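Participant: Can you keep this structure in mind? I'll have questions shortly.
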Amino acid sequence: MKILSIDTASNICGVSILENKDVLCTLDADTSRTHSENLMPMIEKAFNQTNLSLNNIELIVCDKGPGSFTGIRIGIATAKAFCDSKTINCIGISSLQSLAYNVKISQGAKFSGTVCSIIDCKNSNCYFALYKFENDICTTLIEPTADTVENALNSLNNYSNIFFVGDGAIIYSDLIKQHFDSAILIDSSINDLNSFSLAIAGYDAFIKSGPDKDLLPLYLRKPQAQRQLEEKIKNM
């Protein structure tokens, strides 16, 4: 199965093409969220490097968030356009699950363990989720949630030997260590979203449950402009 993976949920704009779980091409670059300008050229470059076209793709995997509202919309709109034009299966994967796969991939194929993905969303708030890998199966223990970092860590008190991943794991590393003596903080080089991990997560999810009937963004918070407006009205 040839897979096209599209990740635009963060500053990283990423495109990968895989044959099942074998990478054929992967392109990830920090484009400072100018994804509308960079995504299509990156997809074209990936097709050129692999001598493939959209006609060869059997599954499209897209990051559905949480993350940049604009970036998520760009990625999902592109994935939907491709799927509709060529009748290709598609599946959306959470940014948090994609990050958890960073740990699985870095630890090796036989990895078993519990992974907490944390994405910082400013002012001591975060997006987080908890996953367990066992026998090559990823199980969600805590669904993607938006909350304070303190509440997020308190919700993990019944778990131990947790791998922490994501930019939140870096920013709040001291707080994590205070909460958990057994916390495992991974190398900073694998705390960013990337299209390869997204593709592997999408492949596993597709094999397990099939395609998404309707690919929709995963918004855990209101857009910043809307929050600012509501706060302004509240203070009037």
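Residues in the structure tokens are named by chain (A, B, ... in the order shown) and by number from 1 within that chain; ligands are numbered from 1 in the order shown.
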Would you list the contacts of segment 112-114 of chain A as a short mmCIF file (atom, residue, chain, number, x, y, z; two decimals) with all heavy atoms, in the first residue's frame, taking every protein, DNA or RNA residue within 8 Å and counting only C-alpha atoms, but skipping same-chain residues closer than 5 positions in sequence?
Facilitator:
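As a result, result-v2.cif now contains:
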```
data_model
loop_
_atom_site.label_atom_id
_atom_site.label_comp_id
_atom_site.auth_asym_id
_atom_site.auth_seq_id
_atom_site.Cartn_x
_atom_site.Cartn_y
_atom_site.Cartn_z
N LYS A 104 7.72 5.37 19.94
CA LYS A 104 7.70 3.97 19.50
C LYS A 104 8.78 3.71 18.46
O LYS A 104 9.54 2.73 18.55
CB LYS A 104 6.33 3.61 18.91
CG LYS A 104 6.27 2.23 18.25
CD LYS A 104 4.89 1.93 17.71
CE LYS A 104 4.89 0.71 16.79
NZ LYS A 104 5.47 -0.48 17.43
N LEU A 130 -2.69 10.25 26.54
CA LEU A 130 -1.87 9.15 27.04
C LEU A 130 -2.16 7.91 26.20
O LEU A 130 -3.31 7.55 25.95
CB LEU A 130 -2.20 8.88 28.51
CG LEU A 130 -1.27 7.90 29.23
CD1 LEU A 130 0.13 8.50 29.39
CD2 LEU A 130 -1.83 7.51 30.59
N TYR A 131 -1.07 7.25 25.79
CA TYR A 131 -1.18 6.07 24.93
C TYR A 131 -0.36 4.92 25.50
O TYR A 131 0.66 5.14 26.17
CB TYR A 131 -0.67 6.38 23.51
CG TYR A 131 -1.40 7.52 22.85
CD1 TYR A 131 -0.92 8.83 22.93
CD2 TYR A 131 -2.59 7.29 22.16
CE1 TYR A 131 -1.61 9.87 22.33
CE2 TYR A 131 -3.28 8.34 21.56
CZ TYR A 131 -2.78 9.63 21.65
OH TYR A 131 -3.46 10.67 21.07
N LYS A 132 -0.80 3.71 25.21
CA LYS A 132 -0.05 2.52 25.61
C LYS A 132 0.26 1.69 24.37
O LYS A 132 -0.63 1.41 23.56
CB LYS A 132 -0.84 1.67 26.61
CG LYS A 132 -0.06 0.46 27.12
CD LYS A 132 -0.83 -0.29 28.18
CE LYS A 132 -0.04 -1.47 28.71
NZ LYS A 132 1.24 -1.10 29.33
N PHE A 133 1.52 1.32 24.21
CA PHE A 133 1.95 0.45 23.12
C PHE A 133 2.24 -0.94 23.69
O PHE A 133 3.00 -1.07 24.65
CB PHE A 133 3.20 1.00 22.44
CG PHE A 133 2.97 2.25 21.65
CD1 PHE A 133 3.16 3.50 22.22
CD2 PHE A 133 2.55 2.17 20.33
CE1 PHE A 133 2.94 4.65 21.48
CE2 PHE A 133 2.32 3.32 19.58
CZ PHE A 133 2.52 4.56 20.16
N GLU A 134 1.64 -1.93 23.08
CA GLU A 134 1.87 -3.31 23.51
C GLU A 134 1.55 -4.24 22.35
O GLU A 134 0.49 -4.11 21.71
CB GLU A 134 0.99 -3.67 24.72
CG GLU A 134 1.35 -4.98 25.37
CD GLU A 134 0.61 -5.19 26.69
OE1 GLU A 134 -0.42 -4.52 26.92
OE2 GLU A 134 1.07 -6.02 27.49
N ASN A 135 2.47 -5.15 22.05
CA ASN A 135 2.29 -6.10 20.94
C ASN A 135 1.97 -5.36 19.64
O ASN A 135 1.11 -5.79 18.86
CB ASN A 135 1.19 -7.11 21.26
CG ASN A 135 1.53 -7.96 22.47
OD1 ASN A 135 2.68 -8.32 22.69
ND2 ASN A 135 0.52 -8.25 23.29
N ASP A 136 2.67 -4.24 19.42
CA ASP A 136 2.54 -3.44 18.20
C ASP A 136 1.16 -2.81 18.04
O ASP A 136 0.76 -2.42 16.93
CB ASP A 136 2.87 -4.28 16.96
CG ASP A 136 3.51 -3.43 15.86
OD1 ASP A 136 4.19 -2.45 16.21
OD2 ASP A 136 3.30 -3.73 14.68
N ASN A 161 6.38 5.03 35.04
CA ASN A 161 7.31 4.76 33.93
C ASN A 161 6.78 5.33 32.60
O ASN A 161 6.77 4.63 31.59
CB ASN A 161 7.59 3.27 33.80
CG ASN A 161 8.20 2.69 35.05
OD1 ASN A 161 9.11 3.29 35.64
ND2 ASN A 161 7.71 1.54 35.48
N ILE A 162 6.35 6.57 32.64
CA ILE A 162 5.76 7.21 31.46
C ILE A 162 6.85 7.87 30.63
O ILE A 162 7.70 8.60 31.16
CB ILE A 162 4.72 8.26 31.89
CG1 ILE A 162 3.62 7.64 32.75
CG2 ILE A 162 4.11 8.93 30.65
CD1 ILE A 162 2.69 8.67 33.36
N PHE A 163 6.81 7.65 29.33
CA PHE A 163 7.63 8.40 28.39
C PHE A 163 6.90 9.70 28.06
O PHE A 163 5.71 9.66 27.71
CB PHE A 163 7.86 7.61 27.09
CG PHE A 163 8.78 6.43 27.22
CD1 PHE A 163 8.34 5.24 27.77
CD2 PHE A 163 10.09 6.51 26.77
CE1 PHE A 163 9.19 4.14 27.88
CE2 PHE A 163 10.94 5.43 26.88
CZ PHE A 163 10.49 4.24 27.43
#
```
Participant: When you look at Leu18 of chain A with a cut-off of 7 Å (counting only C-alpha atoms), what residues show up, excluding the ones that are within fewer than 5 positions of it in the same chain? I need them as a PyMOL selection string.
Facilitator: chain A and resi 2-4+23-25
Participant: Taking into account only C-alpha atoms, which residue in the set A:Thr148, A:Leu156, A:Ile60, A:Thr8 is nearest to Lys80 of chain A?
Facilitator: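 Between A:Thr148, A:Leu156, A:Ile60, A:Thr8, the residue approaching Lys80 of chain A most closely is A:Ile60.
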Participant: In Å to one decimal, how far is atom CA of Ala46 of chain A from atom CA of Val15 of chain A?
Facilitator: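 Those two atoms sit 7.3 Å apart.
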Participant: Quick check for you: according to DSSP on this backbone, which residues of segment 74-201 of chain A are classed as strand (DSSP E)? Reply as a PyMOL selection string.
Facilitator: chain A and resi 89-94+113-120+125-134+137-148+162-165+184-185
Participant: Tell me, as an mmCIF file with all heavy atoms, in the first residue's frame, which residues lie within 12 Å of Thr78 of chain A, counting only C-alpha atoms; anything in the same chain fewer than 5 positions away does not count.
Facilitator:
```cif
data_model
loop_
_atom_site.group_PDB
_atom_site.id
_atom_site.type_symbol
_atom_site.label_atom_id
_atom_site.label_comp_id
_atom_site.auth_asym_id
_atom_site.auth_seq_id
_atom_site.Cartn_x
_atom_site.Cartn_y
_atom_site.Cartn_z
ATOM 1 N N LEU A 4 0.494 8.480 1.248
ATOM 2 C CA LEU A 4 0.921 9.878 1.257
ATOM 3 C C LEU A 4 0.526 10.463 2.601
ATOM 4 O O LEU A 4 -0.640 10.416 2.995
ATOM 5 C CB LEU A 4 0.250 10.670 0.132
ATOM 6 C CG LEU A 4 0.448 12.200 0.160
ATOM 7 C CD1 LEU A 4 1.922 12.562 -0.030
ATOM 8 C CD2 LEU A 4 -0.417 12.883 -0.900
ATOM 9 N N SER A 5 1.513 11.004 3.330
ATOM 10 C CA SER A 5 1.288 11.586 4.646
ATOM 11 C C SER A 5 1.493 13.095 4.585
ATOM 12 O O SER A 5 2.491 13.570 4.035
ATOM 13 C CB SER A 5 2.259 10.950 5.652
ATOM 14 O OG SER A 5 2.236 11.629 6.884
ATOM 15 N N ILE A 6 0.553 13.845 5.161
ATOM 16 C CA ILE A 6 0.586 15.315 5.139
ATOM 17 C C ILE A 6 0.469 15.845 6.559
ATOM 18 O O ILE A 6 -0.515 15.573 7.256
ATOM 19 C CB ILE A 6 -0.565 15.872 4.285
ATOM 20 C CG1 ILE A 6 -0.448 15.405 2.826
ATOM 21 C CG2 ILE A 6 -0.616 17.393 4.364
ATOM 22 C CD1 ILE A 6 -1.666 15.755 1.980
ATOM 23 N N ASP A 7 1.474 16.612 6.997
ATOM 24 C CA ASP A 7 1.457 17.156 8.354
ATOM 25 C C ASP A 7 1.683 18.662 8.306
ATOM 26 O O ASP A 7 2.760 19.131 7.935
ATOM 27 C CB ASP A 7 2.549 16.494 9.192
ATOM 28 C CG ASP A 7 2.369 16.766 10.680
ATOM 29 O OD1 ASP A 7 1.641 17.718 11.025
ATOM 30 O OD2 ASP A 7 2.937 16.021 11.496
ATOM 31 N N THR A 8 0.669 19.415 8.696
ATOM 32 C CA THR A 8 0.746 20.883 8.695
ATOM 33 C C THR A 8 0.226 21.475 9.995
ATOM 34 O O THR A 8 -0.189 22.625 10.040
ATOM 35 C CB THR A 8 -0.061 21.468 7.514
ATOM 36 O OG1 THR A 8 -1.416 20.980 7.601
ATOM 37 C CG2 THR A 8 0.529 21.074 6.176
ATOM 38 N N VAL A 15 5.799 16.134 4.420
ATOM 39 C CA VAL A 15 5.203 15.235 3.434
ATOM 40 C C VAL A 15 6.056 13.974 3.382
ATOM 41 O O VAL A 15 7.291 14.061 3.285
ATOM 42 C CB VAL A 15 5.155 15.875 2.029
ATOM 43 C CG1 VAL A 15 4.662 14.865 0.995
ATOM 44 C CG2 VAL A 15 4.268 17.108 2.021
ATOM 45 N N HIS A 35 2.382 27.317 5.282
ATOM 46 C CA HIS A 35 2.086 26.033 4.655
ATOM 47 C C HIS A 35 1.312 26.181 3.344
ATOM 48 O O HIS A 35 1.434 25.338 2.453
ATOM 49 C CB HIS A 35 1.302 25.148 5.621
ATOM 50 C CG HIS A 35 2.011 24.903 6.918
ATOM 51 N ND1 HIS A 35 3.385 24.855 7.019
ATOM 52 C CD2 HIS A 35 1.542 24.701 8.184
ATOM 53 C CE1 HIS A 35 3.733 24.614 8.272
ATOM 54 N NE2 HIS A 35 2.631 24.535 8.996
ATOM 55 N N SER A 36 0.527 27.230 3.243
ATOM 56 C CA SER A 36 -0.237 27.428 2.008
ATOM 57 C C SER A 36 0.674 27.611 0.805
ATOM 58 O O SER A 36 0.307 27.291 -0.325
ATOM 59 C CB SER A 36 -1.168 28.640 2.151
ATOM 60 O OG SER A 36 -0.423 29.818 2.415
ATOM 61 N N LEU A 39 3.204 23.634 0.902
ATOM 62 C CA LEU A 39 2.725 22.253 0.905
ATOM 63 C C LEU A 39 2.690 21.629 -0.480
ATOM 64 O O LEU A 39 3.237 20.538 -0.699
ATOM 65 C CB LEU A 39 1.336 22.182 1.560
ATOM 66 C CG LEU A 39 0.727 20.773 1.610
ATOM 67 C CD1 LEU A 39 1.642 19.815 2.360
ATOM 68 C CD2 LEU A 39 -0.653 20.817 2.253
ATOM 69 N N MET A 40 2.049 22.277 -1.439
ATOM 70 C CA MET A 40 1.926 21.675 -2.772
ATOM 71 C C MET A 40 3.281 21.472 -3.455
ATOM 72 O O MET A 40 3.522 20.410 -4.049
ATOM 73 C CB MET A 40 0.987 22.506 -3.640
ATOM 74 C CG MET A 40 -0.476 22.440 -3.206
ATOM 75 S SD MET A 40 -1.110 20.738 -3.084
ATOM 76 C CE MET A 40 -0.995 20.234 -4.800
ATOM 77 N N ILE A 43 4.764 18.362 -1.949
ATOM 78 C CA ILE A 43 4.118 17.138 -2.448
ATOM 79 C C ILE A 43 4.622 16.811 -3.848
ATOM 80 O O ILE A 43 4.940 15.650 -4.162
ATOM 81 C CB ILE A 43 2.580 17.304 -2.431
ATOM 82 C CG1 ILE A 43 2.074 17.384 -0.985
ATOM 83 C CG2 ILE A 43 1.913 16.145 -3.162
ATOM 84 C CD1 ILE A 43 0.609 17.726 -0.857
ATOM 85 N N ILE A 60 -4.242 8.258 2.121
ATOM 86 C CA ILE A 60 -3.712 9.563 2.524
ATOM 87 C C ILE A 60 -3.930 9.719 4.025
ATOM 88 O O ILE A 60 -5.043 9.542 4.531
ATOM 89 C CB ILE A 60 -4.400 10.717 1.762
ATOM 90 C CG1 ILE A 60 -4.059 10.629 0.267
ATOM 91 C CG2 ILE A 60 -3.951 12.069 2.323
ATOM 92 C CD1 ILE A 60 -4.715 11.692 -0.579
ATOM 93 N N VAL A 61 -2.851 10.036 4.726
ATOM 94 C CA VAL A 61 -2.894 10.257 6.173
ATOM 95 C C VAL A 61 -2.674 11.739 6.428
ATOM 96 O O VAL A 61 -1.750 12.342 5.883
ATOM 97 C CB VAL A 61 -1.813 9.441 6.901
ATOM 98 C CG1 VAL A 61 -1.937 9.644 8.408
ATOM 99 C CG2 VAL A 61 -1.917 7.963 6.551
ATOM 100 N N CYS A 62 -3.528 12.318 7.255
ATOM 101 C CA CYS A 62 -3.463 13.754 7.526
ATOM 102 C C CYS A 62 -3.492 14.005 9.027
ATOM 103 O O CYS A 62 -4.223 13.332 9.764
ATOM 104 C CB CYS A 62 -4.640 14.455 6.854
ATOM 105 S SG CYS A 62 -4.618 16.248 7.028
ATOM 106 N N ASP A 63 -2.694 14.954 9.481
ATOM 107 C CA ASP A 63 -2.721 15.382 10.877
ATOM 108 C C ASP A 63 -3.961 16.249 11.081
ATOM 109 O O ASP A 63 -4.105 17.299 10.460
ATOM 110 C CB ASP A 63 -1.451 16.176 11.198
ATOM 111 C CG ASP A 63 -1.282 16.420 12.683
ATOM 112 O OD1 ASP A 63 -2.297 16.588 13.380
ATOM 113 O OD2 ASP A 63 -0.133 16.469 13.142
ATOM 114 N N LYS A 64 -4.845 15.821 11.982
ATOM 115 C CA LYS A 64 -6.102 16.538 12.182
ATOM 116 C C LYS A 64 -6.080 17.456 13.406
ATOM 117 O O LYS A 64 -7.075 18.071 13.751
ATOM 118 C CB LYS A 64 -7.263 15.555 12.294
ATOM 119 C CG LYS A 64 -7.202 14.618 13.494
ATOM 120 C CD LYS A 64 -8.398 13.668 13.479
ATOM 121 C CE LYS A 64 -8.389 12.736 14.700
ATOM 122 N NZ LYS A 64 -9.558 11.813 14.675
ATOM 123 N N GLY A 71 -3.056 25.880 9.864
ATOM 124 C CA GLY A 71 -2.308 24.759 9.311
ATOM 125 C C GLY A 71 -3.153 23.509 9.188
ATOM 126 O O GLY A 71 -3.098 22.799 8.161
ATOM 127 N N ILE A 72 -3.936 23.205 10.207
ATOM 128 C CA ILE A 72 -4.792 22.022 10.170
ATOM 129 C C ILE A 72 -5.792 22.109 9.027
ATOM 130 O O ILE A 72 -6.016 21.141 8.292
ATOM 131 C CB ILE A 72 -5.533 21.859 11.519
ATOM 132 C CG1 ILE A 72 -4.531 21.503 12.630
ATOM 133 C CG2 ILE A 72 -6.597 20.766 11.421
ATOM 134 C CD1 ILE A 72 -5.100 21.669 14.023
ATOM 135 N N ARG A 73 -6.388 23.282 8.840
ATOM 136 C CA ARG A 73 -7.361 23.447 7.755
ATOM 137 C C ARG A 73 -6.704 23.248 6.389
ATOM 138 O O ARG A 73 -7.296 22.646 5.490
ATOM 139 C CB ARG A 73 -8.015 24.833 7.839
ATOM 140 C CG ARG A 73 -8.980 24.984 8.998
ATOM 141 C CD ARG A 73 -9.873 26.216 8.820
ATOM 142 N NE ARG A 73 -9.106 27.447 8.843
ATOM 143 C CZ ARG A 73 -8.858 28.152 9.940
ATOM 144 N NH1 ARG A 73 -9.294 27.728 11.109
ATOM 145 N NH2 ARG A 73 -8.168 29.279 9.879
ATOM 146 N N CYS A 83 -8.429 13.102 -2.063
ATOM 147 C CA CYS A 83 -9.261 11.903 -1.880
ATOM 148 C C CYS A 83 -10.501 11.946 -2.751
ATOM 149 O O CYS A 83 -10.901 10.932 -3.345
ATOM 150 C CB CYS A 83 -9.647 11.760 -0.408
ATOM 151 S SG CYS A 83 -8.269 11.356 0.681
ATOM 152 N N ASP A 84 -11.129 13.094 -2.833
ATOM 153 C CA ASP A 84 -12.341 13.225 -3.631
ATOM 154 C C ASP A 84 -12.058 13.111 -5.129
ATOM 155 O O ASP A 84 -12.844 12.525 -5.877
ATOM 156 C CB ASP A 84 -13.031 14.565 -3.336
ATOM 157 C CG ASP A 84 -13.629 14.624 -1.932
ATOM 158 O OD1 ASP A 84 -13.757 13.550 -1.314
ATOM 159 O OD2 ASP A 84 -13.943 15.725 -1.462
ATOM 160 N N SER A 85 -10.920 13.666 -5.550
ATOM 161 C CA SER A 85 -10.626 13.674 -6.987
ATOM 162 C C SER A 85 -10.227 12.295 -7.509
ATOM 163 O O SER A 85 -10.464 11.977 -8.670
ATOM 164 C CB SER A 85 -9.513 14.683 -7.289
ATOM 165 O OG SER A 85 -8.294 14.287 -6.688
ATOM 166 N N CYS A 90 -8.765 7.820 3.107
ATOM 167 C CA CYS A 90 -8.019 8.759 3.943
ATOM 168 C C CYS A 90 -8.288 8.473 5.407
ATOM 169 O O CYS A 90 -9.296 7.850 5.767
ATOM 170 C CB CYS A 90 -8.380 10.208 3.613
ATOM 171 S SG CYS A 90 -10.054 10.694 4.068
ATOM 172 N N LEU A 215 -13.317 13.237 7.334
ATOM 173 C CA LEU A 215 -12.110 13.778 7.950
ATOM 174 C C LEU A 215 -12.401 15.184 8.474
ATOM 175 O O LEU A 215 -12.660 16.105 7.701
ATOM 176 C CB LEU A 215 -10.977 13.810 6.930
ATOM 177 C CG LEU A 215 -9.642 14.399 7.374
ATOM 178 C CD1 LEU A 215 -9.105 13.660 8.589
ATOM 179 C CD2 LEU A 215 -8.633 14.356 6.236
#
```
Participant: Could you tell me how far atom CA of Ala169 of chain A sits from atom CA of Tyr127 of chain A, in Å to one decimal place?
Facilitator: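 Distance between the two atoms: 11.1 Å.
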Participant: If you measure from atom CA of Ser195 of chain A to atom CA of Cys13 of chain A, what distance in Å do you get, rounded to one decimal?
Facilitator: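 Atom-to-atom, atom CA of Ser195 of chain A and atom CA of Cys13 of chain A are spaced 8.2 Å apart.
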